[in-house]
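A.B. asks: Below is the file data.txt, which contains compact mmCIF, C-alpha atoms and all ligand atoms.
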```txt
# COMPACT_ATOMS: atom_id res chain seq x y z
CA SER V 16 45.08 39.64 22.26
CA SER V 17 42.73 42.30 20.83
CA PRO V 18 43.69 44.20 17.64
CA LYS V 19 44.20 47.38 19.71
CA SER V 20 46.75 45.70 21.95
CA ILE V 21 49.20 45.47 19.02
CA LEU V 22 51.31 48.67 19.08
CA HIS V 23 54.55 47.28 17.61
CA GLY V 24 53.14 47.39 14.06
CA GLY V 25 53.32 51.16 14.15
CA ILE V 26 56.99 51.41 15.14
CA HIS V 27 58.69 48.49 13.40
CA TYR V 28 60.41 50.57 10.70
CA PRO V 29 62.53 53.76 11.07
CA LEU V 30 60.06 55.69 8.92
CA THR V 31 57.08 54.69 11.01
CA ARG V 32 59.01 55.66 14.16
CA ALA V 33 59.78 59.02 12.56
CA LEU V 34 56.04 59.52 11.94
CA GLN V 35 55.44 59.32 15.71
CA ALA V 36 57.28 62.66 16.21
CA GLU V 37 55.14 65.77 16.51
CA ARG V 38 58.14 67.98 15.59
CA SER V 39 61.81 67.35 14.80
CA LEU V 40 64.87 69.32 15.84
CA THR V 41 66.12 71.89 13.32
CA LYS V 42 69.10 74.26 13.50
CA ASP V 43 66.68 77.20 13.90
CA MET V 44 65.69 75.78 17.29
CA LEU V 45 69.20 75.99 18.77
CA MET V 46 70.54 79.05 20.62
CA TYR V 47 74.19 78.89 21.69
CA PRO V 48 75.09 80.47 25.09
CA MET V 49 78.51 82.19 24.85
CA PHE V 50 80.82 83.70 27.47
CA ILE V 51 82.53 86.92 26.38
CA SER V 52 85.59 87.90 28.40
CA ASP V 53 86.67 91.51 29.07
CA ASP V 54 90.18 90.49 27.98
CA PRO V 55 90.00 91.01 24.21
CA GLU V 56 92.69 88.41 23.55
CA ALA V 57 91.17 85.70 25.77
CA LEU V 58 90.38 82.22 24.53
CA ASP V 59 90.15 80.54 27.93
CA ALA V 60 88.99 76.94 28.15
CA ILE V 61 86.46 76.63 31.00
CA SER V 62 87.44 73.59 33.08
CA SER V 63 83.97 73.24 34.62
CA LEU V 64 82.39 73.28 31.14
CA PRO V 65 84.67 71.08 29.01
CA GLY V 66 84.68 72.27 25.39
CA GLN V 67 83.40 75.77 26.24
CA TYR V 68 85.45 78.97 26.28
CA ARG V 69 85.55 82.50 27.63
CA ILE V 70 86.18 84.40 24.40
CA GLY V 71 87.70 87.87 23.98
CA THR V 72 86.27 90.18 21.33
CA ASN V 73 89.48 89.95 19.27
CA LYS V 74 89.05 86.16 19.06
CA LEU V 75 85.28 86.13 18.58
CA VAL V 76 85.00 86.32 14.78
CA GLU V 77 87.57 83.56 14.28
CA PHE V 78 85.71 81.44 16.85
CA MET V 79 82.34 82.09 15.18
CA ASN V 80 83.30 81.45 11.53
CA PRO V 81 83.17 77.64 11.63
CA LEU V 82 79.94 77.73 13.65
CA ILE V 83 78.28 80.04 11.12
CA LYS V 84 79.41 77.70 8.35
CA LYS V 85 77.78 74.79 10.22
CA GLY V 86 74.51 76.72 10.24
CA LEU V 87 74.45 78.41 13.66
CA LYS V 88 71.36 80.63 13.72
CA SER V 89 71.41 82.32 17.16
CA VAL V 90 73.54 83.02 20.20
CA ILE V 91 72.91 84.40 23.68
CA ILE V 92 75.71 86.50 25.14
CA PHE V 93 76.94 86.45 28.73
CA GLY V 94 79.51 89.18 29.48
CA VAL V 95 82.18 87.98 31.92
CA PRO V 96 84.15 90.88 33.45
CA LEU V 97 87.25 89.47 35.13
CA LYS V 98 89.21 92.73 35.48
CA GLU V 99 89.57 94.16 39.00
CA GLY V 100 87.26 96.95 40.11
CA VAL V 101 84.46 96.33 37.61
CA LYS V 102 81.91 95.03 40.06
CA ASP V 103 79.92 97.30 42.35
CA LYS V 104 76.70 97.29 44.38
CA THR V 105 74.43 98.29 41.50
CA GLY V 106 76.09 96.47 38.59
CA SER V 107 76.76 99.83 36.97
CA ARG V 108 79.15 98.29 34.38
CA ALA V 109 76.62 95.77 33.03
CA ASP V 110 75.88 98.10 30.11
CA ASP V 111 79.32 99.69 29.88
CA PRO V 112 79.58 100.72 26.20
CA GLU V 113 83.16 99.38 26.27
CA GLY V 114 82.14 96.29 28.25
CA PRO V 115 82.29 92.74 26.81
CA THR V 116 78.55 92.37 26.18
CA ILE V 117 78.00 95.56 24.19
CA LEU V 118 81.28 95.19 22.28
CA ALA V 119 80.34 91.61 21.34
CA VAL V 120 76.83 92.61 20.24
CA ARG V 121 78.19 95.35 17.99
CA LEU V 122 80.86 93.06 16.52
CA LEU V 123 78.51 90.14 15.86
CA ARG V 124 75.78 92.32 14.32
CA LYS V 125 78.32 93.96 12.02
CA THR V 126 80.16 90.77 11.02
CA PHE V 127 77.28 88.27 10.84
CA PRO V 128 74.14 90.15 9.72
CA ASP V 129 72.09 86.91 9.52
CA LEU V 130 72.95 85.80 13.06
CA PHE V 131 70.24 86.35 15.70
CA VAL V 132 71.97 87.96 18.68
CA ALA V 133 70.34 87.73 22.11
CA CYS V 134 71.71 89.08 25.39
CA ASP V 135 71.14 87.62 28.81
CA VAL V 136 70.13 90.47 31.10
CA CYS V 137 71.17 90.16 34.71
CA LEU V 138 73.30 91.99 37.26
CA CYS V 139 75.03 89.05 38.98
CA GLU V 140 78.14 89.15 36.77
CA TYR V 141 78.56 92.85 37.56
CA THR V 142 77.58 93.17 41.23
CA SER V 143 80.14 92.95 44.03
CA HIS V 144 77.70 90.86 46.07
CA GLY V 145 76.98 88.57 43.11
CA HIS V 146 73.22 88.71 43.41
CA CYS V 147 70.97 89.16 40.38
CA GLY V 148 69.46 92.38 41.70
CA ILE V 149 70.31 95.46 43.78
CA LEU V 150 70.14 94.91 47.54
CA ARG V 151 68.74 96.98 50.40
CA GLU V 152 70.82 97.83 53.45
CA ASP V 153 69.42 94.73 55.17
CA GLY V 154 70.72 92.48 52.40
CA THR V 155 67.32 91.70 50.90
CA LEU V 156 66.45 92.59 47.31
CA ASN V 157 65.27 96.03 46.33
CA ASN V 158 62.94 94.74 43.64
CA ASP V 159 61.86 98.08 42.18
CA LEU V 160 65.37 99.53 41.99
CA SER V 161 66.55 96.26 40.43
CA ASN V 162 63.81 96.41 37.77
CA LYS V 163 64.72 100.00 36.92
CA ARG V 164 68.37 99.04 36.48
CA LEU V 165 67.58 95.86 34.53
CA ALA V 166 65.36 97.83 32.13
CA GLU V 167 68.19 100.35 31.54
CA VAL V 168 70.62 97.49 30.82
CA ALA V 169 68.20 95.71 28.47
CA VAL V 170 67.47 98.92 26.55
CA ASN V 171 71.17 99.66 26.19
CA TYR V 172 71.83 96.15 24.88
CA ALA V 173 68.98 96.68 22.40
CA LYS V 174 70.39 100.07 21.38
CA ALA V 175 73.73 98.35 20.75
CA GLY V 176 71.96 96.03 18.30
CA ALA V 177 70.73 93.05 20.34
CA GLN V 178 67.65 91.61 18.60
CA CYS V 179 66.58 89.84 21.76
CA VAL V 180 66.94 90.39 25.50
CA ALA V 181 66.43 87.60 28.03
CA PRO V 182 66.32 88.66 31.69
CA SER V 183 67.50 85.77 33.88
CA ASP V 184 67.34 87.75 37.12
CA MET V 185 63.90 86.58 38.36
CA MET V 186 62.91 89.93 39.88
CA ASP V 187 59.12 90.40 40.21
CA GLY V 188 57.78 92.57 37.38
CA ARG V 189 61.00 92.91 35.42
CA ILE V 190 59.25 91.82 32.19
CA ARG V 191 56.87 94.77 32.43
CA SER V 192 59.75 97.16 33.25
CA ILE V 193 61.87 95.95 30.34
CA LYS V 194 58.97 95.90 27.88
CA GLN V 195 58.04 99.44 28.91
CA GLY V 196 61.67 100.52 28.54
CA LEU V 197 61.81 99.06 25.03
CA MET V 198 58.52 100.78 24.12
CA ASP V 199 59.69 104.14 25.51
CA SER V 200 62.85 103.84 23.41
CA GLY V 201 60.93 102.96 20.23
CA LEU V 202 62.58 99.52 20.13
CA ALA V 203 59.80 97.18 21.29
CA HIS V 204 58.80 96.33 17.70
CA LYS V 205 62.21 94.92 16.81
CA VAL V 206 63.47 93.35 20.03
CA MET V 207 62.23 89.96 21.23
CA LEU V 208 61.72 89.67 24.98
CA ILE V 209 62.36 86.13 26.21
CA SER V 210 61.40 85.67 29.84
CA TYR V 211 63.16 83.13 32.03
CA SER V 212 59.74 82.68 33.63
CA ALA V 213 60.13 79.39 35.44
CA LYS V 214 63.69 79.36 36.66
CA PHE V 215 64.44 77.20 39.66
CA ALA V 216 66.99 77.57 42.43
CA GLY V 217 69.11 74.52 43.06
CA ASN V 218 72.24 72.65 42.22
CA TRP V 219 72.36 72.78 38.45
CA TYR V 220 74.21 76.08 37.85
CA GLY V 221 77.60 75.47 39.47
CA PRO V 222 79.72 75.21 36.30
CA PHE V 223 78.14 78.41 34.93
CA ARG V 224 78.92 80.37 38.08
CA ASP V 225 82.49 79.19 37.81
CA ALA V 226 82.63 80.16 34.13
CA ALA V 227 80.96 83.54 34.58
CA ASN V 228 82.49 84.34 37.97
CA SER V 229 78.95 85.12 39.11
CA ALA V 230 78.30 83.14 42.29
CA PRO V 231 76.54 85.04 45.10
CA ALA V 232 79.10 86.38 47.62
CA PHE V 233 76.77 85.42 50.45
CA GLY V 234 73.53 83.50 50.78
CA ASP V 235 71.89 82.02 47.73
CA ARG V 236 69.23 82.72 45.12
CA ARG V 237 66.40 80.98 46.94
CA CYS V 238 64.56 84.24 47.66
CA TYR V 239 64.13 84.97 43.97
CA GLN V 240 64.57 81.77 41.94
CA LEU V 241 61.69 79.33 42.32
CA PRO V 242 61.86 76.46 44.82
CA PRO V 243 62.13 73.10 43.00
CA ASN V 244 58.85 71.94 44.59
CA ALA V 245 56.87 74.99 43.38
CA ARG V 246 54.87 73.87 40.32
CA GLY V 247 52.07 76.30 41.20
CA LEU V 248 54.42 79.28 41.46
CA ALA V 249 55.92 78.37 38.08
CA ARG V 250 52.44 78.33 36.52
CA ARG V 251 51.69 81.70 38.14
CA ALA V 252 55.02 83.19 36.97
CA ILE V 253 54.35 82.02 33.40
CA LYS V 254 50.89 83.64 33.38
CA ARG V 255 52.32 86.81 34.94
CA ASP V 256 55.04 87.13 32.31
CA MET V 257 52.54 86.57 29.49
CA GLU V 258 50.52 89.46 30.97
CA GLU V 259 53.61 91.67 31.22
CA GLY V 260 54.56 91.34 27.56
CA ALA V 261 56.97 88.42 27.20
CA ASP V 262 57.30 87.17 23.61
CA CYS V 263 58.65 83.76 24.63
CA ILE V 264 58.47 81.75 27.87
CA MET V 265 61.53 79.89 29.12
CA VAL V 266 61.90 77.07 31.64
CA LYS V 267 65.25 76.46 33.33
CA PRO V 268 66.90 74.06 34.13
CA GLY V 269 65.73 71.68 31.40
CA MET V 270 65.88 67.91 31.90
CA PRO V 271 64.88 67.93 35.60
CA TYR V 272 61.94 70.24 34.82
CA LEU V 273 60.28 68.69 31.76
CA ASP V 274 56.96 68.69 33.60
CA ILE V 275 57.20 72.47 33.84
CA VAL V 276 58.07 72.69 30.13
CA ARG V 277 54.83 70.81 29.47
CA ASP V 278 52.94 73.18 31.80
CA ALA V 279 54.43 76.16 29.95
CA ALA V 280 53.49 74.69 26.56
CA GLU V 281 49.90 74.28 27.75
CA ILE V 282 49.55 77.60 29.58
CA ALA V 283 51.41 79.64 26.92
CA ALA V 284 50.07 77.58 24.02
CA ASP V 285 50.31 80.55 21.63
CA TYR V 286 53.94 81.37 22.52
CA PRO V 287 57.27 79.87 21.54
CA ILE V 288 58.52 77.88 24.53
CA SER V 289 62.21 77.94 25.36
CA VAL V 290 64.20 75.57 27.58
CA TYR V 291 67.75 75.99 28.88
CA GLN V 292 69.89 72.86 29.20
CA VAL V 293 72.06 74.44 31.89
CA SER V 294 75.71 74.03 32.79
CA GLY V 295 75.17 71.27 35.33
CA GLU V 296 73.19 69.23 32.80
CA TYR V 297 75.85 69.82 30.15
CA SER V 298 78.75 68.77 32.37
CA MET V 299 76.85 65.80 33.84
CA LEU V 300 76.22 64.34 30.37
CA TYR V 301 79.82 65.07 29.35
CA HIS V 302 81.44 63.35 32.34
CA ALA V 303 78.98 60.46 32.41
CA SER V 304 79.70 59.70 28.74
CA LYS V 305 83.45 59.94 29.48
CA ALA V 306 82.87 57.40 32.25
CA GLY V 307 81.23 55.11 29.70
CA VAL V 308 77.63 55.43 30.92
CA PHE V 309 76.40 56.21 27.38
CA ASP V 310 77.51 57.63 24.03
CA LEU V 311 77.57 61.44 24.15
CA LYS V 312 75.94 62.06 20.75
CA SER V 313 73.17 59.56 21.45
CA ILE V 314 72.34 60.92 24.87
CA VAL V 315 72.47 64.60 23.85
CA MET V 316 70.23 64.01 20.83
CA GLU V 317 67.84 62.04 23.05
CA THR V 318 67.62 64.99 25.49
CA MET V 319 66.77 67.25 22.53
CA THR V 320 63.93 64.87 21.66
CA ASP V 321 62.81 65.05 25.28
CA PHE V 322 62.72 68.86 25.22
CA ILE V 323 60.73 68.87 21.98
CA ARG V 324 58.30 66.18 23.22
CA ALA V 325 57.68 68.27 26.35
CA GLY V 326 56.77 71.24 24.14
CA ALA V 327 59.92 73.32 23.63
CA THR V 328 60.51 75.18 20.36
CA LEU V 329 63.79 76.88 21.33
CA VAL V 330 66.63 75.08 23.12
CA LEU V 331 69.55 76.89 24.76
CA THR V 332 72.37 74.39 25.01
CA TYR V 333 76.17 74.44 25.20
CA TYR V 334 76.02 71.36 22.92
CA THR V 335 74.87 73.57 20.03
CA PRO V 336 78.18 73.36 18.09
CA ASP V 337 78.14 69.55 18.33
CA ILE V 338 74.44 69.26 17.47
CA LEU V 339 74.94 71.38 14.34
CA THR V 340 77.45 68.73 13.17
CA TRP V 341 75.32 65.79 14.30
CA LEU V 342 72.24 67.12 12.49
CA ASP V 343 74.26 67.14 9.25
CA GLU V 344 75.26 63.52 9.85
CA GLU V 345 71.64 62.31 10.01
N1 LIG O 401 71.43 85.21 36.20
C1 LIG O 401 71.53 83.91 36.74
C2 LIG O 401 72.42 83.04 35.93
C3 LIG O 401 71.99 81.59 36.05
C4 LIG O 401 72.89 80.88 37.05
C5 LIG O 401 72.72 81.38 38.45
O1 LIG O 401 71.60 81.31 38.98
O2 LIG O 401 73.71 81.83 38.96
C6 LIG O 401 72.01 80.90 34.70
C7 LIG O 401 72.32 81.83 33.53
N2 LIG O 401 71.14 82.44 33.04
C8 LIG O 401 72.95 79.70 34.70
C9 LIG O 401 72.96 79.02 33.36
C10 LIG O 401 73.71 77.71 33.42
O3 LIG O 401 73.93 77.17 34.52
O4 LIG O 401 74.08 77.23 32.35
ZN ZN O 402 71.89 86.69 37.69
```
Show the structure stored in the file as structure tokens.

C.D. replies:
Amino acid sequence: SSPKSILHGGIHYPLTRALQAERSLTKDMLMYPMFISDDPEALDAISSLPGQYRIGTNKLVEFMNPLIKKGLKSVIIFGVPLKEGVKDKTGSRADDPEGPTILAVRLLRKTFPDLFVACDVCLCEYTSHGHCGILREDGTLNNDLSNKRLAEVAVNYAKAGAQCVAPSDMMDGRIRSIKQGLMDSGLAHKVMLISYSAKFAGNWYGPFRDAANSAPAFGDRRCYQLPPNARGLARRAIKRDMEEGADCIMVKPGMPYLDIVRDAAEIAADYPISVYQVSGEYSMLYHASKAGVFDLKSIVMETMTDFIRAGATLVLTYYTPDILTWLDEE
């Protein structure tokens, strides 16, 4: 065979294999999604997301301490109101100053000054109909009213101390609305705006909707989350969000959409690229490893390599607490 047909010489030893990596996973690259309950005393195990909890604000510091010790650098907060009567047609309690999200932001910023605190921005946990935006009488989205509301919510989270807001709603133009809201409030210079730019409708979010009590009461999210077959729309949404002022571009779900992560890394080459390993991916890996398909640590660390190879620089994953330990074992 010709000299160039010999590839094995470059990967025979662990060091030479390590040299093949363009980047390696560090703790800075991990953002931990957390569910904050409106019951301050809650520490509820989430059956659909084994190992994850809905945490009340009175239990949050105790829950966080070991994670901070392990080197946790950032979290993204999802408020989960379970009390009766909180949800309404416009999600008016999303930025309730006594609601779980704002209370958690204040507590985390006060207790852990070095922790980077992001907030997911959406209405679905706070709307009676469970959709991510405000609806018209005919049941379709009122995009402009939704953007106005989402910008108010994002600004209020920022005012409470969030250093990052990440709108997962998928309304058209919400990045511009939120960026403008941050600028008008004199906060745009110190709040990172992560856009869930390429977020796909489909079957991967079930465990989250169970955990966050945020499933749509009717219909689905196919009129505002991208269709799985829409590579072109994803590329257009990424370019649009860059234009509207996003500081970081996210793709979601993760493993099934690595081609879109690669697209994002090429289109938004000068931006950090984020990927969300969503609840369905998390639970699938968990149960498959329980069933003996593979070793959990090995498979999770391999998916992290996959995200990085595809171009991601920030990974949102419920495996963050485990990965912090596994990185120290390497
Ligand atoms: N705002 C939408 C929430 C959305 C799930 C859904 O579409 O219901 C994601 C949260 N940003 C789900 C995340 C996950 O499944 O882990
Ligand atoms: Zn939503």

A.B. asks: Find the residues around stretch 138-145 of chain V up to 10 Å (all atoms listed in the file counted), leave out those fewer than 2 positions away in its own chain, and share them as a PDB file with C-alpha atoms, in the frame of the given file.

C.D. replies:
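Produced file out_17.pdb, reproduced below:
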```
ATOM      1  CA  PHE V  93      76.940  86.450  28.730  1.00  0.00           C
ATOM      2  CA  GLY V  94      79.510  89.180  29.480  1.00  0.00           C
ATOM      3  CA  VAL V  95      82.180  87.980  31.920  1.00  0.00           C
ATOM      4  CA  PRO V  96      84.150  90.880  33.450  1.00  0.00           C
ATOM      5  CA  LEU V  97      87.250  89.470  35.130  1.00  0.00           C
ATOM      6  CA  GLY V 100      87.260  96.950  40.110  1.00  0.00           C
ATOM      7  CA  VAL V 101      84.460  96.330  37.610  1.00  0.00           C
ATOM      8  CA  LYS V 102      81.910  95.030  40.060  1.00  0.00           C
ATOM      9  CA  ASP V 103      79.920  97.300  42.350  1.00  0.00           C
ATOM     10  CA  LYS V 104      76.700  97.290  44.380  1.00  0.00           C
ATOM     11  CA  THR V 105      74.430  98.290  41.500  1.00  0.00           C
ATOM     12  CA  GLY V 106      76.090  96.470  38.590  1.00  0.00           C
ATOM     13  CA  SER V 107      76.760  99.830  36.970  1.00  0.00           C
ATOM     14  CA  ARG V 108      79.150  98.290  34.380  1.00  0.00           C
ATOM     15  CA  ALA V 109      76.620  95.770  33.030  1.00  0.00           C
ATOM     16  CA  ASP V 110      75.880  98.100  30.110  1.00  0.00           C
ATOM     17  CA  ASP V 135      71.140  87.620  28.810  1.00  0.00           C
ATOM     18  CA  VAL V 136      70.130  90.470  31.100  1.00  0.00           C
ATOM     19  CA  CYS V 147      70.970  89.160  40.380  1.00  0.00           C
ATOM     20  CA  GLY V 148      69.460  92.380  41.700  1.00  0.00           C
ATOM     21  CA  ILE V 149      70.310  95.460  43.780  1.00  0.00           C
ATOM     22  CA  LEU V 150      70.140  94.910  47.540  1.00  0.00           C
ATOM     23  CA  GLY V 154      70.720  92.480  52.400  1.00  0.00           C
ATOM     24  CA  SER V 161      66.550  96.260  40.430  1.00  0.00           C
ATOM     25  CA  ARG V 164      68.370  99.040  36.480  1.00  0.00           C
ATOM     26  CA  LEU V 165      67.580  95.860  34.530  1.00  0.00           C
ATOM     27  CA  VAL V 168      70.620  97.490  30.820  1.00  0.00           C
ATOM     28  CA  PRO V 182      66.320  88.660  31.690  1.00  0.00           C
ATOM     29  CA  SER V 183      67.500  85.770  33.880  1.00  0.00           C
ATOM     30  CA  ASP V 184      67.340  87.750  37.120  1.00  0.00           C
ATOM     31  CA  ARG V 224      78.920  80.370  38.080  1.00  0.00           C
ATOM     32  CA  ALA V 227      80.960  83.540  34.580  1.00  0.00           C
ATOM     33  CA  ASN V 228      82.490  84.340  37.970  1.00  0.00           C
ATOM     34  CA  SER V 229      78.950  85.120  39.110  1.00  0.00           C
ATOM     35  CA  ALA V 230      78.300  83.140  42.290  1.00  0.00           C
ATOM     36  CA  PRO V 231      76.540  85.040  45.100  1.00  0.00           C
ATOM     37  CA  ALA V 232      79.100  86.380  47.620  1.00  0.00           C
ATOM     38  CA  PHE V 233      76.770  85.420  50.450  1.00  0.00           C
ATOM     39  CA  GLY V 234      73.530  83.500  50.780  1.00  0.00           C
ATOM     40  CA  ASP V 235      71.890  82.020  47.730  1.00  0.00           C
ATOM     41  CA  ARG V 236      69.230  82.720  45.120  1.00  0.00           C
TER      42      ARG V 236
END
```

A.B. asks: Calculate how many Å separate atom CA of V:Gly196 from atom CA of V:Glu258, rounding to one decimal.

C.D. replies: 15.9 Å

A.B. asks: Using all atoms listed in the file, which residue out of V:Ile83, V:Ala181, V:Ile193, V:Leu156 lies closest to ligand LIG 401 (chain O)?

C.D. replies: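 That would be V:Ala181, the residue with the smallest distance to ligand LIG 401 (chain O).
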
A.B. asks: Write out as a short mmCIF file (atom, residue, chain, number, x, y, z; two decimals) with C-alpha atoms, in the frame of the given file the residues lying within 12 Å of V:Cys263, counting only C-alpha atoms and excluding same-chain residues fewer than 4 positions away.

C.D. replies:
```cif
data_model
loop_
_atom_site.label_atom_id
_atom_site.label_comp_id
_atom_site.auth_asym_id
_atom_site.auth_seq_id
_atom_site.Cartn_x
_atom_site.Cartn_y
_atom_site.Cartn_z
CA CYS V 179 66.58 89.84 21.76
CA VAL V 180 66.94 90.39 25.50
CA ALA V 181 66.43 87.60 28.03
CA PRO V 182 66.32 88.66 31.69
CA ILE V 190 59.25 91.82 32.19
CA VAL V 206 63.47 93.35 20.03
CA MET V 207 62.23 89.96 21.23
CA LEU V 208 61.72 89.67 24.98
CA ILE V 209 62.36 86.13 26.21
CA SER V 210 61.40 85.67 29.84
CA TYR V 211 63.16 83.13 32.03
CA SER V 212 59.74 82.68 33.63
CA ALA V 213 60.13 79.39 35.44
CA ILE V 253 54.35 82.02 33.40
CA LYS V 254 50.89 83.64 33.38
CA ASP V 256 55.04 87.13 32.31
CA MET V 257 52.54 86.57 29.49
CA GLU V 258 50.52 89.46 30.97
CA GLU V 259 53.61 91.67 31.22
CA ALA V 279 54.43 76.16 29.95
CA ALA V 280 53.49 74.69 26.56
CA ALA V 283 51.41 79.64 26.92
CA ALA V 284 50.07 77.58 24.02
CA ASP V 285 50.31 80.55 21.63
CA TYR V 286 53.94 81.37 22.52
CA PRO V 287 57.27 79.87 21.54
CA ILE V 288 58.52 77.88 24.53
CA SER V 289 62.21 77.94 25.36
CA VAL V 290 64.20 75.57 27.58
CA ALA V 327 59.92 73.32 23.63
CA THR V 328 60.51 75.18 20.36
CA LEU V 329 63.79 76.88 21.33
CA VAL V 330 66.63 75.08 23.12
#
```

A.B. asks: Can you write out as a Markdown table which residues of stretch 132-235 of chain V fall within 10 Å of stretch 37-48 of chain V, alongside each residue's closest atom pair and its distance in Å to one decimal, counting only C-alpha atoms and ordering rows by chain and ascending residue number?

C.D. replies:
```
| residue | atom | partner | partner_atom | distance |
| --- | --- | --- | --- | --- |
| V:Val132 | CA | V:Met46 | CA | 9.2 |
| V:Ala133 | CA | V:Met46 | CA | 8.8 |
| V:Cys134 | CA | V:Pro48 | CA | 9.3 |
| V:Asp135 | CA | V:Pro48 | CA | 9.0 |
```

A.B. asks: Put those residues in a file: C-alpha atoms, as a short mmCIF file (atom, residue, chain, number, x, y, z; two decimals), keeping the file's coordinate frame.

C.D. replies:
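Result file is part.cif:
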```cif
data_model
loop_
_atom_site.label_atom_id
_atom_site.label_comp_id
_atom_site.auth_asym_id
_atom_site.auth_seq_id
_atom_site.Cartn_x
_atom_site.Cartn_y
_atom_site.Cartn_z
CA VAL V 132 71.97 87.96 18.68
CA ALA V 133 70.34 87.73 22.11
CA CYS V 134 71.71 89.08 25.39
CA ASP V 135 71.14 87.62 28.81
#
```

A.B. asks: Choose the residue, out of V:Gln240, V:Gln35, V:Ser89, V:Ser304, that has the smallest atom-to-atom separation from ligand LIG 401 (chain O); count only C-alpha atoms and all ligand atoms.

C.D. replies: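 That would be V:Gln240, the residue with the smallest distance to ligand LIG 401 (chain O).
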
A.B. asks: Tell me which protein, DNA and RNA residues are within 12 Å of V:Asp129, counting only C-alpha atoms, leaving out same-chain ones fewer than 6 positions away, and put them as a PyMOL selection string.

C.D. replies: chain V and resi 43+83-84+86-90+123+178

A.B. asks: Determine the nearest neighbour of V:Val120 from the options V:Ser200, V:Thr318, V:Asn171, V:Thr155, counting all atoms listed in the file.

C.D. replies: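 That would be V:Asn171, the residue with the smallest distance to V:Val120.
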
A.B. asks: Show me, as an MDAnalysis selection string, the residues that have an atom within 6 Å of V:Ser52 when counting only C-alpha atoms, minus same-chain residues fewer than 4 positions from it.

C.D. replies: chainID V and resid 69:71 95

A.B. asks: What box, with edges along x, y and z, holds each listed atom of stretch 289-305 of chain V when 8 Å is added on every side, and can you state its centre and edge lengths in Å to one decimal, as lines of an AutoDock Vina configuration file?

C.D. replies:
```
center_x = 72.8
center_y = 68.8
center_z = 30.3
size_x = 37.2
size_y = 34.2
size_z = 26.0
```

A.B. asks: Measure the distance from atom CA of V:Pro55 to atom CA of V:Asn73 in Å and round it to one decimal.

C.D. replies: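 Atom-to-atom, atom CA of V:Pro55 to atom CA of V:Asn73, that is 5.1 Å.
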
A.B. asks: Smallest atom-to-atom distance to ligand ZN 402 (chain O): which of V:Tyr28, V:Phe50, V:Tyr239, V:Phe131, using only C-alpha atoms and all ligand atoms?

C.D. replies: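 Of all the options, V:Tyr239 lies closest to ligand ZN 402 (chain O).
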
A.B. asks: As number ranges by chain, please: the residues near V:Arg121 (cut-off 9 Å, only C-alpha atoms, same-chain neighbours under 5 positions excluded).

C.D. replies: V: 116, 126, 175-177

A.B. asks: For V:Ile275, which residue out of V:Arg237, V:Lys214, V:Lys305, V:Arg151 is the nearest one, using only C-alpha atoms?

C.D. replies: V:Lys214

A.B. asks: Ranking V:Ile21, V:Ile323, V:Ile92, V:Ala169 by minimum distance to V:Ile51 and counting only C-alpha atoms, which one comes first?

C.D. replies: V:Ile92

A.B. asks: Work out how far atom CA of V:Ala261 is from atom CA of V:Asp278, in Å to one decimal.

C.D. replies: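 For atom CA of V:Asp278 relative to atom CA of V:Ala261, the distance reads 16.4 Å.
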